[in-house]
$ cat upload.txt   # compact mmCIF, C-alpha atoms
# COMPACT_ATOMS: atom_id res chain seq x y z
CA MET O 1 -12.97 147.83 -69.45
CA ALA O 2 -16.11 146.44 -67.86
CA ASP O 3 -17.20 142.85 -68.50
CA TYR O 4 -20.32 143.92 -70.39
CA SER O 5 -21.38 146.91 -72.48
CA LEU O 6 -25.06 147.79 -72.84
CA TYR O 7 -26.35 150.00 -75.65
CA CYS O 8 -29.23 151.87 -74.06
CA PHE O 9 -30.98 155.12 -73.17
CA VAL O 10 -32.94 156.05 -70.08
CA GLN O 11 -36.35 156.29 -71.73
CA SER O 12 -36.27 152.68 -72.89
CA GLY O 13 -37.98 150.19 -70.62
CA ASN O 14 -36.61 147.42 -72.80
CA ALA O 15 -33.08 148.61 -72.06
CA TYR O 16 -34.04 148.83 -68.38
CA LYS O 17 -34.89 145.11 -68.38
CA ALA O 18 -31.29 144.30 -69.32
CA ALA O 19 -29.80 146.94 -67.00
CA LEU O 20 -31.87 145.74 -64.05
CA MET O 21 -30.74 142.16 -64.62
CA LEU O 22 -27.09 143.28 -64.78
CA ARG O 23 -27.62 145.21 -61.56
CA LEU O 24 -29.48 142.48 -59.67
CA THR O 25 -26.82 139.93 -60.59
CA GLY O 26 -23.95 142.24 -59.61
CA ARG O 27 -22.32 142.36 -63.03
CA ASP O 28 -19.57 144.79 -63.95
CA TRP O 29 -21.06 146.68 -66.90
CA GLN O 30 -20.93 149.99 -68.68
CA PRO O 31 -23.69 151.80 -70.56
CA VAL O 32 -23.24 153.03 -74.12
CA TRP O 33 -25.73 155.81 -74.74
CA VAL O 34 -27.76 155.66 -77.95
CA ASP O 35 -29.29 158.92 -79.16
CA PHE O 36 -32.64 157.37 -80.06
CA PHE O 37 -34.59 160.62 -80.34
CA ASN O 38 -32.19 161.92 -82.99
CA GLY O 39 -32.19 158.76 -85.07
CA GLY O 40 -29.39 156.97 -83.25
CA THR O 41 -30.85 153.52 -83.90
CA ARG O 42 -31.29 154.23 -87.61
CA THR O 43 -27.74 154.92 -88.66
CA PRO O 44 -25.82 152.41 -90.79
CA GLN O 45 -23.32 152.15 -87.93
CA TYR O 46 -26.00 151.14 -85.46
CA ARG O 47 -27.71 148.80 -87.94
CA ALA O 48 -24.37 147.01 -88.27
CA ILE O 49 -24.54 146.34 -84.52
CA ASN O 50 -28.24 145.43 -84.55
CA GLU O 51 -30.09 145.10 -87.85
CA MET O 52 -33.34 145.31 -85.85
CA GLY O 53 -32.52 148.94 -85.05
CA GLU O 54 -33.43 148.61 -81.38
CA VAL O 55 -31.97 148.85 -77.91
CA PRO O 56 -30.94 147.04 -75.81
CA VAL O 57 -27.85 145.43 -77.26
CA LEU O 58 -25.55 143.63 -74.84
CA VAL O 59 -21.92 142.93 -75.63
CA ASP O 60 -20.45 140.18 -73.46
CA HIS O 61 -16.72 140.93 -73.53
CA GLY O 62 -15.98 137.77 -71.56
CA GLU O 63 -17.34 135.68 -74.41
CA GLY O 64 -15.39 137.20 -77.28
CA ASP O 65 -17.59 140.27 -77.55
CA LEU O 66 -20.68 138.15 -78.09
CA THR O 67 -23.30 140.66 -79.21
CA LEU O 68 -26.94 140.02 -78.28
CA SER O 69 -30.16 141.84 -79.04
CA GLN O 70 -33.77 141.38 -77.89
CA SER O 71 -34.19 141.83 -74.15
CA GLY O 72 -35.57 138.29 -73.86
CA VAL O 73 -32.40 136.81 -75.33
CA ILE O 74 -30.22 139.00 -73.11
CA LEU O 75 -32.15 138.00 -69.98
CA HIS O 76 -31.87 134.30 -70.81
CA HIS O 77 -28.15 134.68 -71.51
CA LEU O 78 -27.46 136.46 -68.23
CA ALA O 79 -29.54 133.90 -66.32
CA ASP O 80 -27.39 131.15 -67.86
CA ARG O 81 -24.14 132.99 -67.14
CA THR O 82 -24.97 133.87 -63.53
CA GLY O 83 -27.23 131.03 -62.44
CA ARG O 84 -29.72 133.63 -61.18
CA PHE O 85 -33.37 134.36 -62.02
CA GLY O 86 -33.53 131.57 -64.61
CA PRO O 87 -36.10 128.79 -64.92
CA GLN O 88 -34.97 125.52 -63.30
CA THR O 89 -37.36 122.91 -64.67
CA GLY O 90 -38.97 122.28 -68.05
CA ALA O 91 -42.28 123.51 -66.70
CA GLU O 92 -40.67 126.73 -65.41
CA GLN O 93 -38.88 127.19 -68.72
CA ARG O 94 -42.21 127.10 -70.56
CA GLU O 95 -43.95 129.39 -68.08
CA VAL O 96 -41.13 131.94 -68.11
CA LEU O 97 -41.04 131.99 -71.91
CA ARG O 98 -44.83 132.19 -72.09
CA TRP O 99 -44.95 135.37 -70.03
CA MET O 100 -41.92 136.88 -71.73
CA LEU O 101 -43.55 136.37 -75.13
CA TRP O 102 -46.81 137.83 -73.89
CA ASP O 103 -44.90 140.76 -72.41
CA ASN O 104 -43.12 141.42 -75.70
CA HIS O 105 -46.28 141.04 -77.77
CA LYS O 106 -48.74 142.84 -75.53
CA LEU O 107 -47.81 144.33 -72.14
CA THR O 108 -44.58 146.08 -73.06
CA SER O 109 -45.47 146.58 -76.71
CA TYR O 110 -48.79 148.32 -76.11
CA ILE O 111 -47.68 150.35 -73.09
CA ALA O 112 -44.43 151.48 -74.74
CA THR O 113 -46.23 152.54 -77.92
CA TYR O 114 -49.00 154.32 -76.02
CA ARG O 115 -46.44 156.09 -73.80
CA PHE O 116 -44.39 157.08 -76.85
CA LEU O 117 -47.38 158.60 -78.63
CA ARG O 118 -48.65 160.35 -75.49
CA LYS O 119 -45.43 161.54 -73.90
CA PHE O 120 -42.85 161.90 -76.65
CA ALA O 121 -44.78 162.36 -79.92
CA GLY O 122 -47.24 164.94 -78.60
CA LYS O 123 -50.24 162.90 -79.77
CA GLU O 124 -52.30 162.63 -76.61
CA GLY O 125 -55.95 162.10 -77.54
CA ALA O 126 -55.27 161.28 -81.21
CA PRO O 127 -57.19 158.26 -82.56
CA GLU O 128 -54.09 156.09 -82.83
CA THR O 129 -53.15 157.04 -79.27
CA GLU O 130 -56.60 156.14 -77.97
CA PHE O 131 -56.43 152.87 -79.85
CA MET O 132 -53.13 151.96 -78.21
CA LYS O 133 -54.47 153.13 -74.84
CA GLY O 134 -57.32 150.64 -75.12
CA ARG O 135 -54.91 147.82 -75.88
CA ALA O 136 -52.56 148.88 -73.06
CA LEU O 137 -55.41 148.98 -70.52
CA ALA O 138 -56.62 145.54 -71.62
CA ALA O 139 -53.11 144.15 -71.14
CA LEU O 140 -52.85 145.74 -67.67
CA LYS O 141 -56.25 144.33 -66.70
CA LEU O 142 -55.25 140.84 -67.77
CA PHE O 143 -51.93 141.17 -65.93
CA GLU O 144 -53.70 142.36 -62.78
CA GLY O 145 -55.84 139.22 -62.94
CA HIS O 146 -52.70 137.12 -63.18
CA MET O 147 -50.82 138.86 -60.35
CA ALA O 148 -53.74 139.02 -57.90
CA GLY O 149 -53.05 136.34 -55.33
CA ARG O 150 -49.56 135.43 -56.45
CA ASP O 151 -46.14 136.81 -55.64
CA TRP O 152 -44.17 136.41 -58.87
CA VAL O 153 -45.04 136.15 -62.56
CA ALA O 154 -43.93 132.66 -63.52
CA ALA O 155 -42.59 130.74 -60.51
CA ASP O 156 -42.53 130.81 -56.71
CA ARG O 157 -39.59 133.21 -56.83
CA PRO O 158 -38.54 136.15 -59.03
CA THR O 159 -37.38 135.16 -62.51
CA ILE O 160 -36.43 136.88 -65.73
CA ALA O 161 -40.17 136.92 -66.52
CA ASP O 162 -40.65 139.43 -63.69
CA ILE O 163 -37.70 141.48 -64.91
CA SER O 164 -39.20 141.51 -68.40
CA CYS O 165 -42.75 142.40 -67.41
CA CYS O 166 -41.75 145.29 -65.11
CA GLY O 167 -39.73 147.10 -67.81
CA TYR O 168 -42.10 150.05 -68.29
CA LEU O 169 -44.12 149.79 -65.09
CA PHE O 170 -42.10 152.13 -62.88
CA TRP O 171 -43.43 155.01 -65.05
CA PRO O 172 -47.21 154.79 -64.41
CA ALA O 173 -47.69 158.55 -64.84
CA ASP O 174 -46.34 158.30 -68.39
CA PHE O 175 -49.23 156.08 -69.42
CA GLY O 176 -51.84 157.38 -67.00
CA ALA O 177 -52.12 154.35 -64.73
CA ASP O 178 -52.92 154.61 -61.03
CA TRP O 179 -51.64 151.52 -59.26
CA HIS O 180 -54.42 151.86 -56.66
CA ASP O 181 -56.61 150.41 -59.42
CA TYR O 182 -54.24 147.47 -59.79
CA PRO O 183 -53.45 146.20 -56.29
CA GLY O 184 -51.91 142.94 -57.50
CA ILE O 185 -49.49 144.75 -59.80
CA ALA O 186 -48.77 147.38 -57.13
CA ALA O 187 -47.83 144.79 -54.51
CA TRP O 188 -45.67 142.92 -57.00
CA LEU O 189 -43.81 146.10 -58.01
CA ASP O 190 -43.16 146.74 -54.30
CA ARG O 191 -41.74 143.22 -54.05
CA ILE O 192 -39.40 143.96 -56.97
CA ARG O 193 -38.29 147.20 -55.32
CA THR O 194 -37.17 145.24 -52.26
CA LEU O 195 -34.89 142.90 -54.21
CA ASP O 196 -31.25 143.42 -53.18
CA ASP O 197 -29.67 146.24 -55.21
CA TRP O 198 -32.85 147.14 -57.11
CA ALA O 199 -32.67 150.58 -58.69
CA PRO O 200 -35.07 152.54 -60.92
CA PRO O 201 -34.34 153.21 -64.62
CA GLU O 202 -33.03 156.72 -63.98
CA ALA O 203 -30.35 155.37 -61.64
CA LEU O 204 -29.08 152.82 -64.14
CA LEU O 205 -29.40 154.28 -67.62
CA PRO O 206 -27.85 157.38 -69.21
CA SER O 207 -29.88 160.28 -70.54
CA GLY O 208 -27.11 161.72 -72.67
CA PRO O 209 -23.48 161.33 -73.75
CA ILE O 210 -21.35 159.65 -71.12
CA ALA O 211 -18.34 161.71 -70.03
CA MET M 212 -58.44 110.49 -79.85
CA ALA M 213 -55.57 112.26 -81.58
CA ASP M 214 -52.25 112.82 -79.78
CA TYR M 215 -52.69 116.60 -79.74
CA SER M 216 -55.62 119.03 -79.70
CA LEU M 217 -55.18 122.56 -81.02
CA TYR M 218 -57.58 125.38 -80.10
CA CYS M 219 -57.65 127.53 -83.21
CA PHE M 220 -59.57 129.27 -86.01
CA VAL M 221 -58.66 129.75 -89.64
CA GLN M 222 -58.19 133.52 -89.51
CA SER M 223 -55.43 133.29 -86.89
CA GLY M 224 -51.90 133.29 -88.21
CA ASN M 225 -50.68 132.56 -84.70
CA ALA M 226 -52.75 129.36 -84.70
CA TYR M 227 -51.38 128.59 -88.15
CA LYS M 228 -47.83 128.63 -86.76
CA ALA M 229 -48.72 125.75 -84.42
CA ALA M 230 -50.80 123.91 -87.04
CA LEU M 231 -48.04 124.16 -89.63
CA MET M 232 -45.49 122.76 -87.16
CA LEU M 233 -47.83 119.86 -86.34
CA ARG M 234 -48.27 119.23 -90.05
CA LEU M 235 -44.59 119.48 -91.01
CA THR M 236 -43.62 117.09 -88.21
CA GLY M 237 -46.35 114.59 -89.11
CA ARG M 238 -48.16 114.72 -85.80
CA ASP M 239 -51.60 113.19 -85.21
CA TRP M 240 -53.67 116.17 -84.10
CA GLN M 241 -57.21 117.51 -84.09
CA PRO M 242 -58.41 121.10 -84.26
CA VAL M 243 -60.83 122.53 -81.71
CA TRP M 244 -62.57 125.52 -83.28
CA VAL M 245 -62.77 128.71 -81.22
CA ASP M 246 -65.50 131.20 -82.20
CA PHE M 247 -63.22 134.24 -81.85
CA PHE M 248 -65.45 136.66 -83.74
CA ASN M 249 -68.32 136.01 -81.34
CA GLY M 250 -66.26 136.35 -78.17
CA GLY M 251 -65.11 132.74 -77.94
CA THR M 252 -61.77 133.67 -76.36
CA ARG M 253 -63.46 135.87 -73.74
CA THR M 254 -65.69 133.36 -72.00
CA PRO M 255 -64.89 132.16 -68.46
CA GLN M 256 -64.61 128.64 -69.88
CA TYR M 257 -61.95 129.71 -72.37
CA ARG M 258 -60.11 131.86 -69.84
CA ALA M 259 -59.86 128.77 -67.64
CA ILE M 260 -57.98 127.11 -70.50
CA ASN M 261 -55.87 130.17 -71.30
CA GLU M 262 -55.99 133.22 -69.04
CA MET M 263 -54.35 135.18 -71.86
CA GLY M 264 -57.55 134.78 -73.90
CA GLU M 265 -55.71 133.87 -77.08
CA VAL M 266 -55.30 131.07 -79.58
CA PRO M 267 -53.41 128.88 -80.16
CA VAL M 268 -53.58 126.55 -77.21
CA LEU M 269 -52.02 123.11 -77.66
CA VAL M 270 -52.99 120.16 -75.48
CA ASP M 271 -50.39 117.39 -75.55
CA HIS M 272 -52.41 114.30 -74.60
CA GLY M 273 -49.26 112.17 -74.54
CA GLU M 274 -47.90 114.26 -71.69
CA GLY M 275 -50.88 114.12 -69.37
CA ASP M 276 -52.86 116.76 -71.25
CA LEU M 277 -50.07 119.30 -70.86
CA THR M 278 -51.69 122.56 -71.95
CA LEU M 279 -49.52 125.19 -73.63
CA SER M 280 -50.20 128.69 -74.89
CA GLN M 281 -48.12 131.23 -76.82
CA SER M 282 -47.13 130.00 -80.26
CA GLY M 283 -43.44 130.42 -79.37
CA VAL M 284 -43.77 128.02 -76.43
CA ILE M 285 -45.73 125.54 -78.54
CA LEU M 286 -43.14 125.64 -81.32
CA HIS M 287 -40.27 125.07 -78.88
CA HIS M 288 -42.17 122.20 -77.23
CA LEU M 289 -42.90 120.46 -80.53
CA ALA M 290 -39.29 120.93 -81.65
CA ASP M 291 -38.15 119.24 -78.42
CA ARG M 292 -40.69 116.42 -78.75
CA THR M 293 -39.97 115.69 -82.42
CA GLY M 294 -36.32 116.65 -82.80
CA ARG M 295 -37.30 118.71 -85.84
CA PHE M 296 -36.88 122.41 -86.68
CA GLY M 297 -35.26 123.22 -83.34
CA PRO M 298 -32.00 125.07 -82.68
CA GLN M 299 -29.04 122.76 -82.17
CA THR M 300 -26.35 124.96 -80.64
CA GLY M 301 -26.33 127.76 -78.11
CA ALA M 302 -25.79 130.27 -80.88
CA GLU M 303 -28.74 128.88 -82.84
CA GLN M 304 -30.88 128.90 -79.73
CA ARG M 305 -30.20 132.61 -79.27
CA GLU M 306 -30.75 133.45 -82.93
CA VAL M 307 -34.01 131.48 -83.12
CA LEU M 308 -35.34 133.12 -79.96
CA ARG M 309 -34.21 136.54 -81.15
CA TRP M 310 -36.27 136.32 -84.34
CA MET M 311 -39.24 134.74 -82.61
CA LEU M 312 -39.33 137.58 -80.09
CA TRP M 313 -39.01 140.15 -82.87
CA ASP M 314 -41.77 138.37 -84.78
CA ASN M 315 -44.08 138.42 -81.76
CA HIS M 316 -43.30 142.03 -80.91
CA LYS M 317 -43.24 143.51 -84.40
CA LEU M 318 -43.76 141.46 -87.57
CA THR M 319 -46.76 139.38 -86.52
CA SER M 320 -48.07 141.90 -84.02
CA TYR M 321 -48.19 144.85 -86.40
CA ILE M 322 -49.38 142.89 -89.45
CA ALA M 323 -52.07 141.02 -87.52
CA THR M 324 -53.40 144.22 -85.96
CA TYR M 325 -53.32 146.11 -89.26
CA ARG M 326 -55.06 143.22 -91.03
CA PHE M 327 -57.67 142.99 -88.28
CA LEU M 328 -58.53 146.69 -88.49
CA ARG M 329 -58.55 146.71 -92.29
CA LYS M 330 -60.22 143.41 -93.09
CA PHE M 331 -62.36 142.46 -90.10
CA ALA M 332 -63.14 145.71 -88.24
CA GLY M 333 -64.08 147.76 -91.32
CA LYS M 334 -61.61 150.51 -90.43
CA GLU M 335 -59.59 150.83 -93.60
CA GLY M 336 -58.13 154.34 -93.81
CA ALA M 337 -58.87 155.24 -90.17
CA PRO M 338 -55.99 156.96 -88.34
CA GLU M 339 -55.29 153.97 -86.10
CA THR M 340 -55.30 151.72 -89.16
CA GLU M 341 -52.84 153.98 -90.98
CA PHE M 342 -50.65 154.06 -87.89
CA MET M 343 -50.52 150.26 -87.74
CA LYS M 344 -49.94 150.14 -91.50
CA GLY M 345 -46.83 152.28 -91.09
CA ARG M 346 -45.49 149.99 -88.39
CA ALA M 347 -46.32 146.87 -90.43
CA LEU M 348 -44.55 148.23 -93.52
CA ALA M 349 -41.48 149.13 -91.47
CA ALA M 350 -41.35 145.58 -90.08
CA LEU M 351 -41.70 144.11 -93.59
CA LYS M 352 -38.93 146.36 -94.88
CA LEU M 353 -36.60 145.30 -92.09
CA PHE M 354 -37.46 141.65 -92.66
CA GLU M 355 -36.82 141.99 -96.40
CA GLY M 356 -33.37 143.35 -95.55
CA HIS M 357 -32.74 140.32 -93.38
CA MET M 358 -34.00 137.73 -95.89
CA ALA M 359 -32.29 139.20 -98.96
CA GLY M 360 -29.35 136.93 -99.66
CA ARG M 361 -30.17 134.23 -97.15
CA ASP M 362 -32.33 131.14 -97.31
CA TRP M 363 -33.76 130.83 -93.80
CA VAL M 364 -34.45 133.18 -90.92
CA ALA M 365 -32.11 131.98 -88.17
CA ALA M 366 -29.93 129.10 -89.37
CA ASP M 367 -28.75 127.34 -92.53
CA ARG M 368 -31.93 125.29 -92.53
CA PRO M 369 -35.61 125.91 -91.70
CA THR M 370 -36.32 126.28 -87.97
CA ILE M 371 -39.22 127.23 -85.76
CA ALA M 372 -38.16 130.86 -86.36
CA ASP M 373 -39.25 130.48 -90.00
CA ILE M 374 -42.51 128.84 -88.94
CA SER M 375 -43.15 131.72 -86.56
CA CYS M 376 -42.32 134.54 -88.95
CA CYS M 377 -44.45 133.19 -91.84
CA GLY M 378 -47.64 132.97 -89.75
CA TYR M 379 -49.52 135.81 -91.46
CA LEU M 380 -47.52 136.08 -94.67
CA PHE M 381 -49.57 133.77 -96.87
CA TRP M 382 -52.31 136.44 -96.81
CA PRO M 383 -50.55 139.40 -98.49
CA ALA M 384 -53.80 140.74 -100.00
CA ASP M 385 -55.24 141.12 -96.49
CA PHE M 386 -52.58 143.67 -95.60
CA GLY M 387 -51.98 145.10 -99.04
CA ALA M 388 -48.50 143.75 -99.67
CA ASP M 389 -47.21 142.84 -103.11
CA TRP M 390 -44.40 140.34 -102.75
CA HIS M 391 -42.84 141.67 -105.98
CA ASP M 392 -41.70 144.55 -103.78
CA TYR M 393 -40.10 142.08 -101.35
CA PRO M 394 -38.12 139.58 -103.43
CA GLY M 395 -36.23 138.17 -100.45
CA ILE M 396 -39.43 137.43 -98.55
CA ALA M 397 -41.12 136.10 -101.71
CA ALA M 398 -38.31 133.61 -102.40
CA TRP M 399 -38.28 132.50 -98.78
CA LEU M 400 -42.07 131.92 -98.77
CA ASP M 401 -41.63 129.80 -101.92
CA ARG M 402 -38.98 127.80 -100.07
CA ILE M 403 -41.42 127.20 -97.20
CA ARG M 404 -44.11 126.10 -99.66
CA THR M 405 -41.79 123.37 -100.94
CA LEU M 406 -41.21 121.81 -97.51
CA ASP M 407 -42.64 118.27 -97.38
CA ASP M 408 -46.33 118.33 -96.46
CA TRP M 409 -46.60 122.14 -96.34
CA ALA M 410 -50.20 123.35 -96.53
CA PRO M 411 -51.79 126.81 -96.35
CA PRO M 412 -53.87 127.97 -93.35
CA GLU M 413 -57.19 127.20 -95.04
CA ALA M 414 -56.19 123.56 -95.48
CA LEU M 415 -55.25 123.08 -91.83
CA LEU M 416 -57.56 125.21 -89.70
CA PRO M 417 -61.35 125.16 -89.27
CA SER M 418 -63.61 128.09 -90.15
CA GLY M 419 -66.56 126.89 -88.09
CA PRO M 420 -67.87 124.11 -85.83
CA ILE M 421 -66.31 120.74 -86.55
CA ALA M 422 -68.81 118.00 -87.33

$ encode --input "upload.txt" --output "structure tokens"
Amino acid sequence: MADYSLYCFVQSGNAYKAALMLRLTGRDWQPVWVDFFNGGTRTPQYRAINEMGEVPVLVDHGEGDLTLSQSGVILHHLADRTGRFGPQTGAEQREVLRWMLWDNHKLTSYIATYRFLRKFAGKEGAPETEFMKGRALAALKLFEGHMAGRDWVAADRPTIADISCCGYLFWPADFGADWHDYPGIAAWLDRIRTLDDWAPPEALLPSGPIA
Amino acid sequence: MADYSLYCFVQSGNAYKAALMLRLTGRDWQPVWVDFFNGGTRTPQYRAINEMGEVPVLVDHGEGDLTLSQSGVILHHLADRTGRFGPQTGAEQREVLRWMLWDNHKLTSYIATYRFLRKFAGKEGAPETEFMKGRALAALKLFEGHMAGRDWVAADRPTIADISCCGYLFWPADFGADWHDYPGIAAWLDRIRTLDDWAPPEALLPSGPIA
């Protein structure tokens, strides 16, 4: 058995955050596919694993099957366990958490919801979709302002804040973004791509039952 | 001068989270009113204070005017400074962060947006408003399931996770909730009201310029 199991599916950028961290830190892990689009996160069995009804869920077999949900908790846990990509001072701790909270509340939340409505729910152009599009674009604009002229989100090196914020951003076509309009974000995503062992969501996460 | 300044306005449940923590821990603090409804968080001056363009912002004058944004960062900082309402073990740390992230991503985010559209933007019944209503109700239902049969959100005592999750919940009429339908949440809110020195948002936050 691997050291970690990750409940996930390939369309989830939140699951990708955890998978990318496992990959970048060279962990021995196995995916457990969740059939989200057929209600896989709504079953009583899944709710017993995570009452929040979400992926990702990480099971750390080396710590007595410690079961963690919320990508931000998983990223902090793996940073502690591996000594990699974590904040190292009080100031860095605050800055990393600040951007991870903003990512959860705005960047990821708005983009993921807009993408879901547009790509998976067949609601392109509907009023609720346009509303989420406006919020997603505002978040991207703010993030571009932050990334212009700096290399990494929250420190002078890549941290779990970068891994959190990039969760959905390797799918720009899904939410109609052209990175030429966001040069700061584009350059930062290129920097992430050059991290040792980086891989895109499709290379890390399953799209169906695992043989 | 007070020990802390808090940029805030009375309609913000996120600002209330910080104000309530300051109140419950007996801090000496002063509010700085932000004219949100007339673009007060969008000015270059305000963006220089917080590039995220949000309240709350806490300035800790006792730490060289350390300036913090994101309610979750502010709550953690005040818990560290006061030794109150913080997690005390690794497991509590994870559980507190887990619920604060969920609150930021779902409970507060969906309720605040739904309330904004319904109460302040005059869009009651619009498709985007109904969409956010559905998400808000789903978050409340999940939270009721969590609170039924337990006293506090993330530990056997009140923590900053409780202070975070209750941010918008003293305004049920604004988002059309009847707490009789949510007995677990109702009992928990009553528990919060009985904490020493508890006060509602209107008693802590300014609604206009401060004389």

$ interface_residues --input "upload.txt" --of "chain M" --to "chain O" --cutoff "9 Å" --atoms "all atoms listed in the file" --output "VMD selection string"
chain M and resid 262 to 264 279 to 285 287 to 288 305 to 306 308 to 317 319 to 320 337 to 343 353 to 354 356 to 357

$ atom_distance --input "upload.txt" --atom1 "atom CA of O:Thr159" --atom2 "atom CA of O:Val55"
21.3 Å

$ residues_around --input "upload.txt" --residues "stretch 224-240 of chain M" --least-positions-apart "3" --cutoff "8 Å" --atoms "all atoms listed in the file" --output "PyMOL selection string"
chain M and resi 213-221+266-267+269+282+285-286+289+293+295+323+371+374-375+377-379+406-410+412+415-416

$ atom_distance --input "upload.txt" --atom1 "atom CA of O:Gln30" --atom2 "atom CA of O:His61"
11.1 Å

$ atom_distance --input "upload.txt" --atom1 "atom CA of O:Trp33" --atom2 "atom CA of O:Pro158"
28.2 Å

$ closest_residue --input "upload.txt" --among "O:Gly39, O:Arg135, O:Leu140, O:Trp152" --to "M:Thr324" --atoms "all atoms listed in the file"
O:Arg135

$ residues_around --input "upload.txt" --residues "O:Ala211" --least-positions-apart "3" --cutoff "12 Å" --atoms "all atoms listed in the file" --output "PyMOL selection string"
chain O and resi 31-33+206-208

$ residues_around --input "upload.txt" --residues "O:Thr67" --least-positions-apart "3" --cutoff "8 Å" --atoms "all atoms listed in the file" --output "list in words"
Ile49, Val57, Leu58, Val59 and Asp60 of chain O

$ residues_near_point --input "upload.txt" --point "(-47.6, 154.3, -63.8)" --cutoff "12 Å" --atoms "only C-alpha atoms" --output "PyMOL selection string"
chain O and resi 111-112+115+136-137+140+166-182+185-186+189

$ build_atoms --input "upload.txt" --residues "stretch 95-106 of chain O" --atoms "N, CA and C atoms" --output "PDB file, keeping the file's coordinate frame"
ATOM      1  N   GLU O  95     -43.157 128.319 -68.681  1.00  0.00           N
ATOM      2  CA  GLU O  95     -43.950 129.390 -68.080  1.00  0.00           C
ATOM      3  C   GLU O  95     -43.219 130.735 -68.169  1.00  0.00           C
ATOM      4  N   VAL O  96     -41.921 130.711 -67.971  1.00  0.00           N
ATOM      5  CA  VAL O  96     -41.130 131.940 -68.110  1.00  0.00           C
ATOM      6  C   VAL O  96     -41.201 132.448 -69.548  1.00  0.00           C
ATOM      7  N   LEU O  97     -41.000 131.570 -70.508  1.00  0.00           N
ATOM      8  CA  LEU O  97     -41.040 131.990 -71.910  1.00  0.00           C
ATOM      9  C   LEU O  97     -42.427 132.475 -72.302  1.00  0.00           C
ATOM     10  N   ARG O  98     -43.451 131.804 -71.781  1.00  0.00           N
ATOM     11  CA  ARG O  98     -44.830 132.190 -72.090  1.00  0.00           C
ATOM     12  C   ARG O  98     -45.098 133.648 -71.681  1.00  0.00           C
ATOM     13  N   TRP O  99     -44.686 134.004 -70.486  1.00  0.00           N
ATOM     14  CA  TRP O  99     -44.950 135.370 -70.030  1.00  0.00           C
ATOM     15  C   TRP O  99     -44.012 136.382 -70.677  1.00  0.00           C
ATOM     16  N   MET O 100     -42.815 135.956 -71.023  1.00  0.00           N
ATOM     17  CA  MET O 100     -41.920 136.880 -71.730  1.00  0.00           C
ATOM     18  C   MET O 100     -42.436 137.156 -73.139  1.00  0.00           C
ATOM     19  N   LEU O 101     -42.966 136.141 -73.807  1.00  0.00           N
ATOM     20  CA  LEU O 101     -43.550 136.370 -75.130  1.00  0.00           C
ATOM     21  C   LEU O 101     -44.772 137.263 -75.024  1.00  0.00           C
ATOM     22  N   TRP O 102     -45.617 136.995 -74.062  1.00  0.00           N
ATOM     23  CA  TRP O 102     -46.810 137.830 -73.890  1.00  0.00           C
ATOM     24  C   TRP O 102     -46.406 139.268 -73.573  1.00  0.00           C
ATOM     25  N   ASP O 103     -45.401 139.424 -72.725  1.00  0.00           N
ATOM     26  CA  ASP O 103     -44.900 140.760 -72.410  1.00  0.00           C
ATOM     27  C   ASP O 103     -44.430 141.471 -73.679  1.00  0.00           C
ATOM     28  N   ASN O 104     -43.633 140.792 -74.483  1.00  0.00           N
ATOM     29  CA  ASN O 104     -43.120 141.420 -75.700  1.00  0.00           C
ATOM     30  C   ASN O 104     -44.238 141.778 -76.675  1.00  0.00           C
ATOM     31  N   HIS O 105     -45.198 140.870 -76.795  1.00  0.00           N
ATOM     32  CA  HIS O 105     -46.280 141.040 -77.770  1.00  0.00           C
ATOM     33  C   HIS O 105     -47.316 142.057 -77.301  1.00  0.00           C
ATOM     34  N   LYS O 106     -47.607 142.046 -75.995  1.00  0.00           N
ATOM     35  CA  LYS O 106     -48.740 142.840 -75.530  1.00  0.00           C
ATOM     36  C   LYS O 106     -48.362 143.851 -74.448  1.00  0.00           C
TER      37      LYS O 106
END
